[in-house]
Amino acid sequence: MVDYSRPSAKHRKIATSFRDTSLKDILVLACSLLKEILAKPLNLQDQDQQNLVMQVLKLVLNCLNFDFIGSSADESADDLCTVQIPTTWRAIFLEPETLDLFFNLYHSLPPLLSQLALSCLVQFASTRRSLFSSPERAKYLGNLIKGVKRILENPQGLSDPGNYHEFCRFLARLKTNYQLGELVMVKEYPEVIRLIANFTITSLQHWEFAPNSVHYLLTLWQRMVASVPFVKSTEPHLLDTYAPEITKAFITSRLESVAVVVRDNLDDPLDDTTTVFQQLEQLCTVSRCEYEKTCTLLVQLFDQNAQNYQKLLHSASRVTVDMAIQEGRLAWLVYLVGTVVGGRLTYTSTDEHDAMDGELSCRVFQLISLMDTGLPQCSNEKIELAILWFLDQFRKTYVGDQLQRTSKVVRLRSDVSRVPEKAWKVVKVYARMSEVLGITDDNHVLETFMTKIVTNLKYWGRCEPVISRTLQFLNDLSVGYILLKKLVKIDAVKFMLKNHTSEHFPFLGISGSYSLSDFRCRTAFYTALTRLLMVDLGEDEDEFENFMLPLTVSFETVLQIFNNNFKQEDVKRMLIGLARDLRGIAFALNTKTSYTMLFDWMYPTYLPILQRAIEQWYGEPACTTPILKLMAELMQNRSQRLNFDVSSPNGILLFREASKMICTYGTQILSLGSLSKDQIYPMKLKGISICYSALKSALCGNYVSFGVFKLYGDNHFDNVLQAFVKMLLSVSHSDLLQYRKLSQSYYPLLECLTQDHMSFITSLDPPVLLYVLTSISEGLTALDTVVSSSCCTSLDYIVTYLFKHIAKEGKKSLRCREATQAGQRLLHFMQQNPEVLQQMMSVLMNTIVFEDCRNQWSVSRPLLGLILLNEKYFGELRAGLINSQPLPKQEVLAQCFRNLMEGVEQNLSVKNRDRFTQNLSVFRRDMAEALRSDGSTEPLDMMS
């Protein structure tokens, strides 16, 4: 059982010692037992014998899965994993009998056990390349390929889903760890690649069998095709023969699956968009190999299915099943066209390929026109989502700021000799589209995009997936100045800017039929819309007022309802929508002039309404979260947009409003009392984390002079700091680190407070100060570098403040009496609780000596101050580490420590800090070298 009380460094030391002394022997023993099992006939009907074999195979697998270097690979990136086998194990892997053993076990054992044998082979195939010399690696690969051939020539075992899945992983790992140039040199390669291609085609045709395993097969072919331009070997790779067959199998199998799904009422693969997108992104590279074949197939299938669809549309008696089948097939075809067009960015293309993209794209644009003409009666969500995928792929490939093009195709054609190469490619893309649709360039494509967006927003208001994807597409279009300049000239954009109301776009309504989660997309809508507005806005306040008119009307309605015994549910939904709208607007306003327009619009009339909503519905996160996020966005001084004029009080006014809201929320949320584990984050901690983010933005924004509050007797600053403390004390240390968003808002806020407001930190009651320092100590070892770095910086500010106070002890004057008292309070606390700083020094030294320190510079800054303040304890740590080592090493370690402090003075000047940081880097390297060969090193765990 794992002892979680031990520090991680000690766990790693124990694991390393186990790896070096015992693990290899365990693997050898397990393999010898498996050889005996193969040599003697076993009665696998006997449950005891079957369990024995299973446990031995699991033992081998655990040996191969061991975390050899102390940093396990991300499980979500299974196909990228490399097994870091120790060099001392080379002999085991160089013996051909080792691989033969597991291939023989696969063929000899029943599925439950053969699956484990394949899992072991996956790890063998993932062995790091550097374990072998080039000839050894080629021989090892040859043995793996022979095993693959043997399995594919006797595929009976692959009918088991477990075996099938592990074999697919095995194939993917082969290409991950070996180059195509190495694979083609294997003698059996031509035959094996043919067998793998046939296996893949069969797998794609049986789409309902182990669908999660297809990912690995497509990964194999994607990586193989992507490697073609880099192959220098003269041996044929044969991918130009088999890649088109793989693409064809995928296309035809997906189209054929639709009828089965509809008639048998099965789960539609198209509904799992995450898997679909993943597979299509893998297919896009494969599909561009021998693209002419793929294009011809898609054109044929698209024309055939589009004609059938049109016949059904004009049929007097539509058969629902036939219509559903035809719509599903068209959805797949649109997805596939978008995929192959997007593949242009991943594979070398020719002018002819670009012309083929135009031929395919022309058909999708025709389908868009057909579908939109029949709205709202003729609509299909799956086709609409597929169309949006296609439009996004076309945008990435042929529309964008990075493509500088001449505007008119006709002009380009008039003198081909003067056409730039990129523009000539565009001619190829738009040639057919110009003839059929009149789309001559990307300006016309943008008009088509915006028309489609407006149509979707108008007719698909009650379909959250379509609205969400449409708005994401609009958002992507609105990023980039060149595109924005083009977009604002389009009539559809002008219409949106003047008519963004629920009358024209139903998804902006507050009908009870909409769930509160549907309102989230409104933020994206107003972000994109405001970016478009900003292009020509300048300082035109009237234009801004006109744009804000729908929101003004909504706020005035809310104001009237508030004053007349309002209907709670209606006003709540309206405010949620308004908060999301305004957050989108505020996010896009990145200039001082435009932000000031928004602030003047909101204050003082409308911000109190949001304040009242927090008071009324503090226990309903669906309402409070959007409002708090809006306030946090308003506090962000992005691009220096909050630097108001010197005579303007707006910065202080904005902070006062934020202070009121944070204090109100903090007071009310604490009145909820204790909450269950599943309620504590959504009901309480999420709101607290947003409040902390808003406060951090205000403290670090440099647009408020906080000394003004005390000067004029304004308590808003003191109140918000007290609210921060009250909310903090209601949160456990474990929750601070467990919830990522909370920790990433609390620790940066604490960093701001320790940097500029140490008088507040020193004024905290001892239990509160102890809580804060303990949270820093625990955060120093956090895996999240944002958290650990903020803790290091906060600790550095505290230590520096304390060090400067001690240095000034003998130089007191009346002028600095208040500062001296604050420093004295902190010094007195540290004297009463010396273990606090000692524990932190111990943690930082452990990190430097034993851990994988990813933020060494940040760690070095507070460590010097801790050493200077606790020289005696530092000496104890040093002596403890040195004395724990064998005598021959003690002098080496002592020299390391002497070198660490060489040239370091008794001050915290920048120059002295930099010298210590440089010494620490050398110290860490030398200590690692000195301790590497000794398995008895203990971490510096000296605090009880």
# chains A, B, ... in the order shown; residues from 1 in each chain; ligands from 1
call {"tool": "residues_around", "arguments": {"residues": "A:Leu795", "least_positions_apart": "5", "cutoff": "10 Å", "atoms": "only C-alpha atoms", "output": "mmCIF file with N, CA, C and O atoms, in the first residue's frame"}}
result
data_model
loop_
_atom_site.group_PDB
_atom_site.id
_atom_site.type_symbol
_atom_site.label_atom_id
_atom_site.label_comp_id
_atom_site.auth_asym_id
_atom_site.auth_seq_id
_atom_site.Cartn_x
_atom_site.Cartn_y
_atom_site.Cartn_z
ATOM 1 N N LEU A 750 -2.922 36.515 -4.155
ATOM 2 C CA LEU A 750 -2.037 36.620 -2.999
ATOM 3 C C LEU A 750 -0.697 37.228 -3.412
ATOM 4 O O LEU A 750 -0.093 38.010 -2.658
ATOM 5 N N GLU A 751 -0.241 36.897 -4.604
ATOM 6 C CA GLU A 751 0.998 37.479 -5.108
ATOM 7 C C GLU A 751 0.884 39.002 -5.216
ATOM 8 O O GLU A 751 1.809 39.739 -4.845
ATOM 9 N N THR A 754 0.896 40.544 -1.598
ATOM 10 C CA THR A 754 2.205 40.574 -0.952
ATOM 11 C C THR A 754 3.150 41.539 -1.650
ATOM 12 O O THR A 754 4.107 42.034 -1.034
ATOM 13 N N GLN A 755 2.906 41.824 -2.901
ATOM 14 C CA GLN A 755 3.775 42.745 -3.633
ATOM 15 C C GLN A 755 3.530 44.205 -3.230
ATOM 16 O O GLN A 755 4.475 44.958 -2.987
ATOM 17 N N LEU A 773 0.105 31.712 5.241
ATOM 18 C CA LEU A 773 1.455 31.172 5.066
ATOM 19 C C LEU A 773 1.431 29.660 4.849
ATOM 20 O O LEU A 773 2.232 29.124 4.077
ATOM 21 N N ILE A 776 0.631 28.992 1.325
ATOM 22 C CA ILE A 776 1.808 29.177 0.481
ATOM 23 C C ILE A 776 2.708 27.953 0.562
ATOM 24 O O ILE A 776 3.187 27.431 -0.466
ATOM 25 N N SER A 777 2.930 27.474 1.771
ATOM 26 C CA SER A 777 3.799 26.315 1.970
ATOM 27 C C SER A 777 3.281 25.103 1.203
ATOM 28 O O SER A 777 4.052 24.387 0.552
ATOM 29 N N LEU A 780 3.709 25.408 -2.653
ATOM 30 C CA LEU A 780 5.065 25.345 -3.212
ATOM 31 C C LEU A 780 5.323 24.041 -3.954
ATOM 32 O O LEU A 780 6.115 23.998 -4.895
ATOM 33 N N SER A 789 4.733 28.805 -8.827
ATOM 34 C CA SER A 789 5.499 30.028 -9.099
ATOM 35 C C SER A 789 4.918 31.217 -8.334
ATOM 36 O O SER A 789 5.665 32.056 -7.813
ATOM 37 N N SER A 790 3.585 31.317 -8.281
ATOM 38 C CA SER A 790 2.962 32.401 -7.511
ATOM 39 C C SER A 790 3.308 32.277 -6.033
ATOM 40 O O SER A 790 3.543 33.289 -5.352
ATOM 41 N N THR A 800 11.432 39.233 1.781
ATOM 42 C CA THR A 800 12.141 40.488 1.501
ATOM 43 C C THR A 800 11.679 41.594 2.445
ATOM 44 O O THR A 800 12.486 42.374 2.986
ATOM 45 N N TYR A 801 10.359 41.675 2.653
ATOM 46 C CA TYR A 801 9.803 42.679 3.568
ATOM 47 C C TYR A 801 10.364 42.491 4.979
ATOM 48 O O TYR A 801 10.771 43.454 5.650
ATOM 49 N N LEU A 837 8.684 29.374 8.408
ATOM 50 C CA LEU A 837 9.700 29.634 7.392
ATOM 51 C C LEU A 837 10.674 28.463 7.265
ATOM 52 O O LEU A 837 11.175 28.182 6.165
ATOM 53 N N MET A 840 9.177 25.923 4.981
ATOM 54 C CA MET A 840 9.235 26.343 3.584
ATOM 55 C C MET A 840 10.652 26.217 3.024
ATOM 56 O O MET A 840 10.836 25.862 1.861
ATOM 57 N N VAL A 859 11.974 29.429 -7.707
ATOM 58 C CA VAL A 859 12.332 28.833 -6.417
ATOM 59 C C VAL A 859 13.550 29.528 -5.814
ATOM 60 O O VAL A 859 13.638 29.715 -4.587
ATOM 61 N N ARG A 861 14.490 32.618 -5.887
ATOM 62 C CA ARG A 861 14.354 33.976 -5.356
ATOM 63 C C ARG A 861 14.014 34.005 -3.859
ATOM 64 O O ARG A 861 14.669 34.715 -3.093
ATOM 65 N N PRO A 862 13.016 33.261 -3.387
ATOM 66 C CA PRO A 862 12.756 33.307 -1.938
ATOM 67 C C PRO A 862 13.763 32.499 -1.128
ATOM 68 O O PRO A 862 13.957 32.762 0.065
ATOM 69 N N LEU A 863 14.422 31.528 -1.765
ATOM 70 C CA LEU A 863 15.324 30.656 -1.012
ATOM 71 C C LEU A 863 16.491 31.433 -0.422
ATOM 72 O O LEU A 863 16.904 31.174 0.727
ATOM 73 N N GLY A 865 16.521 34.590 0.612
ATOM 74 C CA GLY A 865 16.036 35.296 1.793
ATOM 75 C C GLY A 865 15.832 34.374 2.969
ATOM 76 O O GLY A 865 16.155 34.718 4.121
ATOM 77 N N LEU A 866 15.310 33.178 2.710
ATOM 78 C CA LEU A 866 15.103 32.211 3.788
ATOM 79 C C LEU A 866 16.429 31.792 4.412
ATOM 80 O O LEU A 866 16.532 31.620 5.636
#
call {"tool": "residues_around", "arguments": {"residues": "A:Asp322", "least_positions_apart": "5", "cutoff": "12 Å", "atoms": "only C-alpha atoms", "output": "number ranges by chain"}}
result
A: 258-260, 262-263, 305, 308-309, 311-313, 315, 317, 327-329
call {"tool": "residues_around", "arguments": {"residues": "A:Glu95", "least_positions_apart": "3", "cutoff": "12 Å", "atoms": "only C-alpha atoms", "output": "PyMOL selection string"}}
result
chain A and resi 89-92+98-101+136+139-140+143
call {"tool": "write_last_selection", "arguments": {"atoms": "N, CA and C atoms", "output": "PDB file, in the first residue's frame"}}
result
ATOM      1  N   TRP A  89      18.723  -3.666 -19.612  1.00  0.00           N
ATOM      2  CA  TRP A  89      17.790  -4.700 -20.074  1.00  0.00           C
ATOM      3  C   TRP A  89      18.016  -5.066 -21.540  1.00  0.00           C
ATOM      4  N   ARG A  90      19.028  -4.497 -22.183  1.00  0.00           N
ATOM      5  CA  ARG A  90      19.207  -4.683 -23.628  1.00  0.00           C
ATOM      6  C   ARG A  90      19.243  -6.150 -24.021  1.00  0.00           C
ATOM      7  N   ALA A  91      19.954  -6.950 -23.230  1.00  0.00           N
ATOM      8  CA  ALA A  91      20.137  -8.358 -23.598  1.00  0.00           C
ATOM      9  C   ALA A  91      18.802  -9.079 -23.738  1.00  0.00           C
ATOM     10  N   ILE A  92      17.859  -8.743 -22.856  1.00  0.00           N
ATOM     11  CA  ILE A  92      16.541  -9.393 -22.912  1.00  0.00           C
ATOM     12  C   ILE A  92      15.849  -9.047 -24.226  1.00  0.00           C
ATOM     13  N   THR A  98      12.514 -13.580 -27.058  1.00  0.00           N
ATOM     14  CA  THR A  98      11.629 -12.809 -26.179  1.00  0.00           C
ATOM     15  C   THR A  98      10.359 -12.414 -26.916  1.00  0.00           C
ATOM     16  N   LEU A  99      10.499 -11.825 -28.106  1.00  0.00           N
ATOM     17  CA  LEU A  99       9.312 -11.459 -28.883  1.00  0.00           C
ATOM     18  C   LEU A  99       8.551 -12.706 -29.318  1.00  0.00           C
ATOM     19  N   ASP A 100       9.287 -13.738 -29.752  1.00  0.00           N
ATOM     20  CA  ASP A 100       8.624 -14.973 -30.195  1.00  0.00           C
ATOM     21  C   ASP A 100       7.754 -15.560 -29.092  1.00  0.00           C
ATOM     22  N   LEU A 101       8.234 -15.442 -27.848  1.00  0.00           N
ATOM     23  CA  LEU A 101       7.483 -15.985 -26.710  1.00  0.00           C
ATOM     24  C   LEU A 101       6.082 -15.372 -26.658  1.00  0.00           C
ATOM     25  N   GLU A 136      20.833  -3.394 -34.822  1.00  0.00           N
ATOM     26  CA  GLU A 136      20.008  -4.097 -33.835  1.00  0.00           C
ATOM     27  C   GLU A 136      18.549  -3.666 -33.940  1.00  0.00           C
ATOM     28  N   LYS A 139      16.916  -5.302 -36.936  1.00  0.00           N
ATOM     29  CA  LYS A 139      16.613  -6.709 -36.669  1.00  0.00           C
ATOM     30  C   LYS A 139      15.397  -6.842 -35.751  1.00  0.00           C
ATOM     31  N   TYR A 140      15.348  -6.002 -34.730  1.00  0.00           N
ATOM     32  CA  TYR A 140      14.220  -6.014 -33.787  1.00  0.00           C
ATOM     33  C   TYR A 140      12.918  -5.674 -34.507  1.00  0.00           C
ATOM     34  N   ASN A 143      11.654  -8.582 -36.561  1.00  0.00           N
ATOM     35  CA  ASN A 143      10.948  -9.595 -35.765  1.00  0.00           C
ATOM     36  C   ASN A 143       9.526  -9.153 -35.436  1.00  0.00           C
TER      37      ASN A 143
END
call {"tool": "select_by_dssp", "arguments": {"residues": "stretch 184-254 of chain A", "states": "alpha helix (DSSP H)", "output": "MDAnalysis selection string"}}
result
chainID A and resid 189:205 214:226 239:254
call {"tool": "decode", "arguments": {"residues": "stretch 115-150 of chain A", "atoms": "N, CA, C and O atoms", "output": "PDB file, in the first residue's frame"}}
result
ATOM      1  N   GLN A 115      -5.146 -11.468 -25.017  1.00  0.00           N
ATOM      2  CA  GLN A 115      -5.221 -10.001 -24.995  1.00  0.00           C
ATOM      3  C   GLN A 115      -4.079  -9.415 -24.174  1.00  0.00           C
ATOM      4  O   GLN A 115      -3.479  -8.391 -24.543  1.00  0.00           O
ATOM      5  N   LEU A 116      -3.755 -10.064 -23.043  1.00  0.00           N
ATOM      6  CA  LEU A 116      -2.647  -9.593 -22.211  1.00  0.00           C
ATOM      7  C   LEU A 116      -1.312  -9.764 -22.925  1.00  0.00           C
ATOM      8  O   LEU A 116      -0.412  -8.926 -22.797  1.00  0.00           O
ATOM      9  N   ALA A 117      -1.169 -10.854 -23.689  1.00  0.00           N
ATOM     10  CA  ALA A 117       0.062 -11.060 -24.457  1.00  0.00           C
ATOM     11  C   ALA A 117       0.238  -9.945 -25.484  1.00  0.00           C
ATOM     12  O   ALA A 117       1.349  -9.429 -25.684  1.00  0.00           O
ATOM     13  N   LEU A 118      -0.856  -9.536 -26.128  1.00  0.00           N
ATOM     14  CA  LEU A 118      -0.784  -8.430 -27.082  1.00  0.00           C
ATOM     15  C   LEU A 118      -0.457  -7.114 -26.384  1.00  0.00           C
ATOM     16  O   LEU A 118       0.270  -6.272 -26.924  1.00  0.00           O
ATOM     17  N   SER A 119      -0.992  -6.920 -25.193  1.00  0.00           N
ATOM     18  CA  SER A 119      -0.680  -5.704 -24.440  1.00  0.00           C
ATOM     19  C   SER A 119       0.816  -5.626 -24.152  1.00  0.00           C
ATOM     20  O   SER A 119       1.416  -4.541 -24.215  1.00  0.00           O
ATOM     21  N   CYS A 120       1.419  -6.765 -23.843  1.00  0.00           N
ATOM     22  CA  CYS A 120       2.867  -6.791 -23.634  1.00  0.00           C
ATOM     23  C   CYS A 120       3.599  -6.454 -24.929  1.00  0.00           C
ATOM     24  O   CYS A 120       4.593  -5.705 -24.921  1.00  0.00           O
ATOM     25  N   LEU A 121       3.110  -6.977 -26.053  1.00  0.00           N
ATOM     26  CA  LEU A 121       3.742  -6.689 -27.337  1.00  0.00           C
ATOM     27  C   LEU A 121       3.628  -5.206 -27.702  1.00  0.00           C
ATOM     28  O   LEU A 121       4.524  -4.651 -28.351  1.00  0.00           O
ATOM     29  N   VAL A 122       2.538  -4.559 -27.294  1.00  0.00           N
ATOM     30  CA  VAL A 122       2.409  -3.112 -27.512  1.00  0.00           C
ATOM     31  C   VAL A 122       3.568  -2.394 -26.833  1.00  0.00           C
ATOM     32  O   VAL A 122       4.180  -1.474 -27.415  1.00  0.00           O
ATOM     33  N   GLN A 123       3.909  -2.805 -25.627  1.00  0.00           N
ATOM     34  CA  GLN A 123       5.010  -2.174 -24.904  1.00  0.00           C
ATOM     35  C   GLN A 123       6.356  -2.514 -25.540  1.00  0.00           C
ATOM     36  O   GLN A 123       7.248  -1.667 -25.609  1.00  0.00           O
ATOM     37  N   PHE A 124       6.501  -3.734 -26.011  1.00  0.00           N
ATOM     38  CA  PHE A 124       7.741  -4.100 -26.702  1.00  0.00           C
ATOM     39  C   PHE A 124       7.923  -3.254 -27.965  1.00  0.00           C
ATOM     40  O   PHE A 124       9.031  -2.821 -28.282  1.00  0.00           O
ATOM     41  N   ALA A 125       6.835  -3.013 -28.677  1.00  0.00           N
ATOM     42  CA  ALA A 125       6.911  -2.200 -29.898  1.00  0.00           C
ATOM     43  C   ALA A 125       7.203  -0.743 -29.591  1.00  0.00           C
ATOM     44  O   ALA A 125       7.606   0.016 -30.489  1.00  0.00           O
ATOM     45  N   SER A 126       6.986  -0.334 -28.333  1.00  0.00           N
ATOM     46  CA  SER A 126       7.162   1.071 -27.943  1.00  0.00           C
ATOM     47  C   SER A 126       8.521   1.331 -27.309  1.00  0.00           C
ATOM     48  O   SER A 126       8.773   2.428 -26.819  1.00  0.00           O
ATOM     49  N   THR A 127       9.389   0.339 -27.327  1.00  0.00           N
ATOM     50  CA  THR A 127      10.700   0.488 -26.703  1.00  0.00           C
ATOM     51  C   THR A 127      11.475   1.635 -27.341  1.00  0.00           C
ATOM     52  O   THR A 127      11.493   1.788 -28.567  1.00  0.00           O
ATOM     53  N   ARG A 128      12.129   2.429 -26.509  1.00  0.00           N
ATOM     54  CA  ARG A 128      12.851   3.605 -27.015  1.00  0.00           C
ATOM     55  C   ARG A 128      13.888   3.195 -28.057  1.00  0.00           C
ATOM     56  O   ARG A 128      14.561   2.173 -27.941  1.00  0.00           O
ATOM     57  N   ARG A 129      14.029   4.031 -29.069  1.00  0.00           N
ATOM     58  CA  ARG A 129      14.921   3.742 -30.185  1.00  0.00           C
ATOM     59  C   ARG A 129      16.381   3.650 -29.745  1.00  0.00           C
ATOM     60  O   ARG A 129      17.151   2.845 -30.268  1.00  0.00           O
ATOM     61  N   SER A 130      16.754   4.484 -28.781  1.00  0.00           N
ATOM     62  CA  SER A 130      18.156   4.565 -28.387  1.00  0.00           C
ATOM     63  C   SER A 130      18.643   3.334 -27.632  1.00  0.00           C
ATOM     64  O   SER A 130      19.840   3.231 -27.329  1.00  0.00           O
ATOM     65  N   LEU A 131      17.769   2.398 -27.344  1.00  0.00           N
ATOM     66  CA  LEU A 131      18.198   1.176 -26.660  1.00  0.00           C
ATOM     67  C   LEU A 131      19.064   0.324 -27.591  1.00  0.00           C
ATOM     68  O   LEU A 131      19.897  -0.453 -27.129  1.00  0.00           O
ATOM     69  N   PHE A 132      18.860   0.472 -28.912  1.00  0.00           N
ATOM     70  CA  PHE A 132      19.546  -0.363 -29.881  1.00  0.00           C
ATOM     71  C   PHE A 132      20.478   0.457 -30.762  1.00  0.00           C
ATOM     72  O   PHE A 132      20.283   1.662 -30.953  1.00  0.00           O
ATOM     73  N   SER A 133      21.461  -0.224 -31.335  1.00  0.00           N
ATOM     74  CA  SER A 133      22.208   0.354 -32.444  1.00  0.00           C
ATOM     75  C   SER A 133      21.346   0.223 -33.704  1.00  0.00           C
ATOM     76  O   SER A 133      20.326  -0.482 -33.702  1.00  0.00           O
ATOM     77  N   SER A 134      21.748   0.855 -34.796  1.00  0.00           N
ATOM     78  CA  SER A 134      20.927   0.809 -36.018  1.00  0.00           C
ATOM     79  C   SER A 134      20.714  -0.614 -36.525  1.00  0.00           C
ATOM     80  O   SER A 134      19.581  -1.001 -36.834  1.00  0.00           O
ATOM     81  N   PRO A 135      21.763  -1.453 -36.638  1.00  0.00           N
ATOM     82  CA  PRO A 135      21.524  -2.840 -37.092  1.00  0.00           C
ATOM     83  C   PRO A 135      20.625  -3.616 -36.127  1.00  0.00           C
ATOM     84  O   PRO A 135      19.776  -4.400 -36.551  1.00  0.00           O
ATOM     85  N   GLU A 136      20.833  -3.394 -34.822  1.00  0.00           N
ATOM     86  CA  GLU A 136      20.008  -4.097 -33.835  1.00  0.00           C
ATOM     87  C   GLU A 136      18.549  -3.666 -33.940  1.00  0.00           C
ATOM     88  O   GLU A 136      17.640  -4.501 -33.832  1.00  0.00           O
ATOM     89  N   ARG A 137      18.342  -2.383 -34.151  1.00  0.00           N
ATOM     90  CA  ARG A 137      16.976  -1.871 -34.256  1.00  0.00           C
ATOM     91  C   ARG A 137      16.287  -2.437 -35.491  1.00  0.00           C
ATOM     92  O   ARG A 137      15.108  -2.790 -35.464  1.00  0.00           O
ATOM     93  N   ALA A 138      17.024  -2.537 -36.609  1.00  0.00           N
ATOM     94  CA  ALA A 138      16.448  -3.094 -37.841  1.00  0.00           C
ATOM     95  C   ALA A 138      16.059  -4.563 -37.636  1.00  0.00           C
ATOM     96  O   ALA A 138      15.000  -5.008 -38.097  1.00  0.00           O
ATOM     97  N   LYS A 139      16.916  -5.302 -36.936  1.00  0.00           N
ATOM     98  CA  LYS A 139      16.613  -6.709 -36.669  1.00  0.00           C
ATOM     99  C   LYS A 139      15.397  -6.842 -35.751  1.00  0.00           C
ATOM    100  O   LYS A 139      14.520  -7.691 -35.973  1.00  0.00           O
ATOM    101  N   TYR A 140      15.348  -6.002 -34.730  1.00  0.00           N
ATOM    102  CA  TYR A 140      14.220  -6.014 -33.787  1.00  0.00           C
ATOM    103  C   TYR A 140      12.918  -5.674 -34.507  1.00  0.00           C
ATOM    104  O   TYR A 140      11.888  -6.340 -34.312  1.00  0.00           O
ATOM    105  N   LEU A 141      12.965  -4.676 -35.375  1.00  0.00           N
ATOM    106  CA  LEU A 141      11.781  -4.303 -36.148  1.00  0.00           C
ATOM    107  C   LEU A 141      11.361  -5.438 -37.071  1.00  0.00           C
ATOM    108  O   LEU A 141      10.164  -5.716 -37.229  1.00  0.00           O
ATOM    109  N   GLY A 142      12.351  -6.097 -37.673  1.00  0.00           N
ATOM    110  CA  GLY A 142      12.025  -7.229 -38.543  1.00  0.00           C
ATOM    111  C   GLY A 142      11.270  -8.315 -37.802  1.00  0.00           C
ATOM    112  O   GLY A 142      10.308  -8.901 -38.346  1.00  0.00           O
ATOM    113  N   ASN A 143      11.654  -8.582 -36.561  1.00  0.00           N
ATOM    114  CA  ASN A 143      10.948  -9.595 -35.765  1.00  0.00           C
ATOM    115  C   ASN A 143       9.526  -9.153 -35.436  1.00  0.00           C
ATOM    116  O   ASN A 143       8.600  -9.973 -35.425  1.00  0.00           O
ATOM    117  N   LEU A 144       9.353  -7.854 -35.151  1.00  0.00           N
ATOM    118  CA  LEU A 144       8.008  -7.342 -34.903  1.00  0.00           C
ATOM    119  C   LEU A 144       7.132  -7.500 -36.144  1.00  0.00           C
ATOM    120  O   LEU A 144       5.971  -7.913 -36.056  1.00  0.00           O
ATOM    121  N   ILE A 145       7.689  -7.168 -37.309  1.00  0.00           N
ATOM    122  CA  ILE A 145       6.919  -7.255 -38.556  1.00  0.00           C
ATOM    123  C   ILE A 145       6.558  -8.701 -38.872  1.00  0.00           C
ATOM    124  O   ILE A 145       5.436  -9.000 -39.326  1.00  0.00           O
ATOM    125  N   LYS A 146       7.481  -9.629 -38.621  1.00  0.00           N
ATOM    126  CA  LYS A 146       7.166 -11.044 -38.828  1.00  0.00           C
ATOM    127  C   LYS A 146       5.990 -11.461 -37.955  1.00  0.00           C
ATOM    128  O   LYS A 146       5.107 -12.219 -38.380  1.00  0.00           O
ATOM    129  N   GLY A 147       5.991 -10.976 -36.716  1.00  0.00           N
ATOM    130  CA  GLY A 147       4.881 -11.299 -35.823  1.00  0.00           C
ATOM    131  C   GLY A 147       3.568 -10.725 -36.308  1.00  0.00           C
ATOM    132  O   GLY A 147       2.519 -11.382 -36.211  1.00  0.00           O
ATOM    133  N   VAL A 148       3.594  -9.492 -36.836  1.00  0.00           N
ATOM    134  CA  VAL A 148       2.379  -8.881 -37.392  1.00  0.00           C
ATOM    135  C   VAL A 148       1.856  -9.718 -38.556  1.00  0.00           C
ATOM    136  O   VAL A 148       0.645  -9.990 -38.671  1.00  0.00           O
ATOM    137  N   LYS A 149       2.772 -10.123 -39.435  1.00  0.00           N
ATOM    138  CA  LYS A 149       2.379 -10.934 -40.594  1.00  0.00           C
ATOM    139  C   LYS A 149       1.722 -12.247 -40.151  1.00  0.00           C
ATOM    140  O   LYS A 149       0.684 -12.658 -40.692  1.00  0.00           O
ATOM    141  N   ARG A 150       2.309 -12.857 -39.148  1.00  0.00           N
ATOM    142  CA  ARG A 150       1.771 -14.130 -38.655  1.00  0.00           C
ATOM    143  C   ARG A 150       0.362 -13.945 -38.095  1.00  0.00           C
ATOM    144  O   ARG A 150      -0.521 -14.774 -38.341  1.00  0.00           O
TER     145      ARG A 150
END
